[in-house]
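To start, the structure under review is shown below, and the notes come after it.
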Amino acid sequence: MTARYPILYLPSEIHNRDWDSRLLIADHAAALGFASVVGQQWAIQSSYERLPPGLILIKTVNEIQLNAAEAFAKAGHLVIAMDEESLAVAPDQNFLGILSPRLPKVCHQFFANSPMHAETLLRLMPSMEGKVVTTGNARTDLLVASGRVRFAAEAEAIRKETGPYVLFNSNRALDDSIWNSHEHFMKIQLLAGAVNPDDEESVKRFEQQFVFERHNAKAFIDALHACLRDISTHRIVVRPHPVERPDFWMDMGRQYPRLHVADNTDHIPWIMAADAVVHTNSTTGLEAALLERPTVNLVPNMEGHWENLYVGTRVNPFFIDWQEGVRALTEFLATGEGRLSRLQQEKSELRRYFPNAFDGDSAQKIAAHMAAAMREQSELAKSPPDLPDVLRSTMSAPERHEIQKRKFTKKFGEAQGDFKQIRKVTRLPHNVNIAQIVEGCFAILPH
């Protein structure tokens with residue numbers, strides 16, 4: 001039996017997306033006697049050979065992430081995978097994005113977002129039989145009633161400062177990406193295994209994403225201009241996608257005093273404090289539905305692969321005609337009535353796709369399954385009493401591109417504050433210490 005330490009490595013790529021869910025998992029893991037290393041993925045993944053062997057949770061299953069998973073496995077770590085990128089994908093469309101044939105060889109287990117996700121994965125990849133566990137996704141724990149306390153104070157402060165507003169969540173992440181060019185994005189997708197250059201259908205589907213996004217962006221911008229012109233009771237807030245360049249919106253903000261750009265901010269408190277949310281078939285639509293916020297989903301075309309792929313068209317009111325969407329939004333803001341107030345069908349669909357999300361216990365399940373896997377597969381050595389010093393001697397923070405810093409930056413004081421808020425959600429009684437290891441990486445230790 002392989003000797004490993006009771007240490008979980010929980011890398012995070014985007015501090016406004018998966019960071020808090022990792023802290024949730026870490027707190028539940030601490031209750032089980034496991035230490036966690038939480039923080040920027042580049043520092044964790046580049047240190048795989050030197051880190052004390054433990055268990056690493058891989059955030060998605062593209063070829064780039066599986067390269068890291070394979071390196072960790074060869075260095076003696078147990079590897080478990082999940083798929084953040086498929087959270088808002090409708091599994092009954094029989095497509096889950098990238099499914100590498102290496103997955104069952106590299107990963108000990110796979111944590112599915114929902115029963116439907118697990119069922120579809122096994123249908124598409126039968127070789128994963130016996131490895132798939134339905135845990136849910138810890139991100140949803142923070143969206144249902146029991147988890148919203150994490151962001152309640154921030155949402156209240158936003159509302160107090162901004163006043164009544166409509167939140168427009170932008171998703172121009174392909175056409176106006178921080179990666180600057182179509183060609184650069186294509187190179188990343190080739191490395192990730194999302195595009196097969198020798199498969200004409202694969203390349204065609206990749207290019208269709210840009211057409212899909214441009215159609216969505218035009219409807220989004222047209223609706224935004226109409227709201228800036230015609231809605232006087234509310235301010236308009238735009239929150240760009242985390243990998244979208246904010247320049248376009250900053251320029252628009254200088255033209256319209258009533259437009260506020262919430263760039264590189266956590267989307268959850270902004271959704272919570274909004275009177276309504278507008279998006280174009282993005283993950284924020286699913287999140288808004290779980291947060292029970294009135295939502296307009298603008299989908300100008302429903303004929304293609306990408307248009308039908310996401311659960312947003314099932315769990316939000318969607319509008320092919322952006323003008324109809326604006327009328328529904330205006331009616332709701334004025335009267336509280338209309339299409340945005342009649343959500344029984346959408347709520348039913350939400351529970352069909354995510355029947356266990358409302359329990360708010362996905363992080364607890366994930367921590368418990370990781371701890372059980374470690375105990376079953378490994379002879380657990382006792383963690384050294386000076387674990388933070390051991391980790392500091394084995395980890396290093398690599399030089400990062402400014403884009404990577406934009407995606408994830410956390411100082412020690414911020415990490416402490418965030419973890420304090422997370423403990424309001426878990427309400428666990430055990431004592432925990434948090435220590436900085438390297439820039440943007442922290443150890444959360446049972447005490």
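Going through the structure tokens in order, the chains are called A, B, and so on, while each chain numbers its residues from 1 and the ligands are numbered from 1 in the order shown.
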Residue neighbourhood stretch 34-45 of chain A, 9 Å, only C-alpha atoms, exclusion window fewer than 2 positions, as a PyMOL selection string:
chain A and resi 5-15+19+22-23+25-32+47-48+51+68-69+71-72+371+383+391+395-398+400+404+408-410+437-446
Selection export as a compact mmCIF listing (two decimals), in the first residue's frame, atoms kept: C-alpha atoms:
# COMPACT_ATOMS: atom_id res chain seq x y z
CA TYR A 5 0.00 11.97 4.13
CA PRO A 6 -3.49 13.15 5.10
CA ILE A 7 -3.10 16.25 2.92
CA LEU A 8 -5.54 17.41 0.24
CA TYR A 9 -4.30 19.69 -2.54
CA LEU A 10 -7.16 21.89 -3.75
CA PRO A 11 -5.96 24.17 -6.56
CA SER A 12 -8.04 27.14 -7.70
CA GLU A 13 -7.84 28.82 -11.10
CA ILE A 14 -10.15 31.82 -10.70
CA HIS A 15 -10.56 33.52 -7.35
CA TRP A 19 -11.87 29.66 -4.52
CA ARG A 22 -12.27 24.97 -2.14
CA LEU A 23 -12.35 26.65 1.26
CA ILE A 25 -14.13 21.53 1.16
CA ALA A 26 -11.03 22.31 3.23
CA ASP A 27 -13.07 23.12 6.34
CA HIS A 28 -15.01 19.87 6.09
CA ALA A 29 -11.74 18.01 5.48
CA ALA A 30 -10.24 19.56 8.61
CA ALA A 31 -13.16 18.17 10.61
CA LEU A 32 -12.03 14.73 9.40
CA SER A 47 5.54 21.63 -7.21
CA TYR A 48 4.13 18.11 -7.72
CA LEU A 51 5.15 18.06 -2.26
CA ALA A 68 -0.96 17.72 -14.29
CA ALA A 69 -3.01 14.81 -12.92
CA ALA A 71 2.39 14.03 -13.12
CA PHE A 72 0.89 13.99 -9.61
CA ALA A 371 -10.89 11.13 3.04
CA SER A 383 1.54 14.71 9.24
CA LEU A 391 5.34 22.84 2.61
CA MET A 395 6.65 24.67 -2.80
CA SER A 396 7.64 27.61 -4.96
CA ALA A 397 5.54 30.29 -6.60
CA PRO A 398 6.38 30.40 -10.31
CA ARG A 400 3.08 34.24 -13.65
CA GLN A 404 -2.84 34.55 -14.58
CA PHE A 408 -6.10 34.43 -9.19
CA THR A 409 -4.65 36.76 -6.58
CA LYS A 410 -5.17 36.39 -2.83
CA ILE A 437 2.82 28.84 2.23
CA VAL A 438 3.79 30.84 -0.85
CA GLU A 439 2.17 33.71 -2.74
CA GLY A 440 -1.52 32.87 -3.19
CA CYS A 441 -1.30 29.44 -1.48
CA PHE A 442 -2.41 28.60 2.05
CA ALA A 443 -2.49 25.64 4.38
CA ILE A 444 -5.69 24.98 6.35
CA LEU A 445 -4.82 22.76 9.28
CA PRO A 446 -6.93 20.92 11.86
As a PDB file with C-alpha atoms, in the first residue's frame, which residues of stretch 327-367 of chain A does DSSP assign to alpha helix (DSSP H)?
ATOM      1  CA  ARG A 327     -40.220  44.438 -22.175  1.00  0.00           C
ATOM      2  CA  ALA A 328     -40.497  41.538 -19.723  1.00  0.00           C
ATOM      3  CA  LEU A 329     -37.742  43.062 -17.593  1.00  0.00           C
ATOM      4  CA  THR A 330     -39.368  46.508 -17.633  1.00  0.00           C
ATOM      5  CA  GLU A 331     -42.769  45.073 -16.683  1.00  0.00           C
ATOM      6  CA  PHE A 332     -41.260  43.149 -13.788  1.00  0.00           C
ATOM      7  CA  LEU A 333     -39.325  46.134 -12.432  1.00  0.00           C
ATOM      8  CA  ALA A 334     -42.446  48.293 -12.591  1.00  0.00           C
ATOM      9  CA  THR A 335     -45.086  45.861 -11.289  1.00  0.00           C
ATOM     10  CA  GLN A 344     -42.724  27.276 -11.732  1.00  0.00           C
ATOM     11  CA  GLN A 345     -41.565  25.493 -14.886  1.00  0.00           C
ATOM     12  CA  GLU A 346     -38.008  26.794 -14.481  1.00  0.00           C
ATOM     13  CA  LYS A 347     -37.889  25.759 -10.806  1.00  0.00           C
ATOM     14  CA  SER A 348     -39.057  22.276 -11.765  1.00  0.00           C
ATOM     15  CA  GLU A 349     -36.332  22.021 -14.399  1.00  0.00           C
ATOM     16  CA  LEU A 350     -33.735  23.268 -11.920  1.00  0.00           C
ATOM     17  CA  ARG A 351     -34.599  20.425  -9.578  1.00  0.00           C
ATOM     18  CA  ARG A 352     -34.568  17.936 -12.443  1.00  0.00           C
ATOM     19  CA  TYR A 353     -31.016  18.866 -13.418  1.00  0.00           C
ATOM     20  CA  SER A 362     -21.780  18.872  -1.712  1.00  0.00           C
ATOM     21  CA  ALA A 363     -18.566  20.118  -0.057  1.00  0.00           C
ATOM     22  CA  GLN A 364     -19.148  17.790   2.872  1.00  0.00           C
ATOM     23  CA  LYS A 365     -19.670  14.830   0.512  1.00  0.00           C
ATOM     24  CA  ILE A 366     -16.565  15.703  -1.487  1.00  0.00           C
ATOM     25  CA  ALA A 367     -14.402  15.934   1.632  1.00  0.00           C
TER      26      ALA A 367
END
Between A:Pro388, A:Met186, A:Trp306, A:Ser21, which residue has the minimum interatomic distance to A:Phe419, considering only C-alpha atoms?
A:Ser21
Apply DSSP to the backbone of this structure and, from stretch 102-301 of chain A, keep only the residues in strand (DSSP E); write these as a PyMOL selection string.
chain A and resi 109-112+132-134+165-169+235-239+259-261+276-279+295-298
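Minimum distance to A:Arg392 across A:Ala435, A:Ile58, A:Leu228, A:Leu428 (counting only C-alpha atoms) occurs at A:Ala435.
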Considering only C-alpha atoms, return as a VMD selection string whatever protein or nucleic-acid residues lie within 12 Å of A:Tyr256, sequence-local ones (same chain, fewer than 6 positions apart) excluded.
chain A and resid 224 to 225 227 to 229 235 to 238 249 to 250
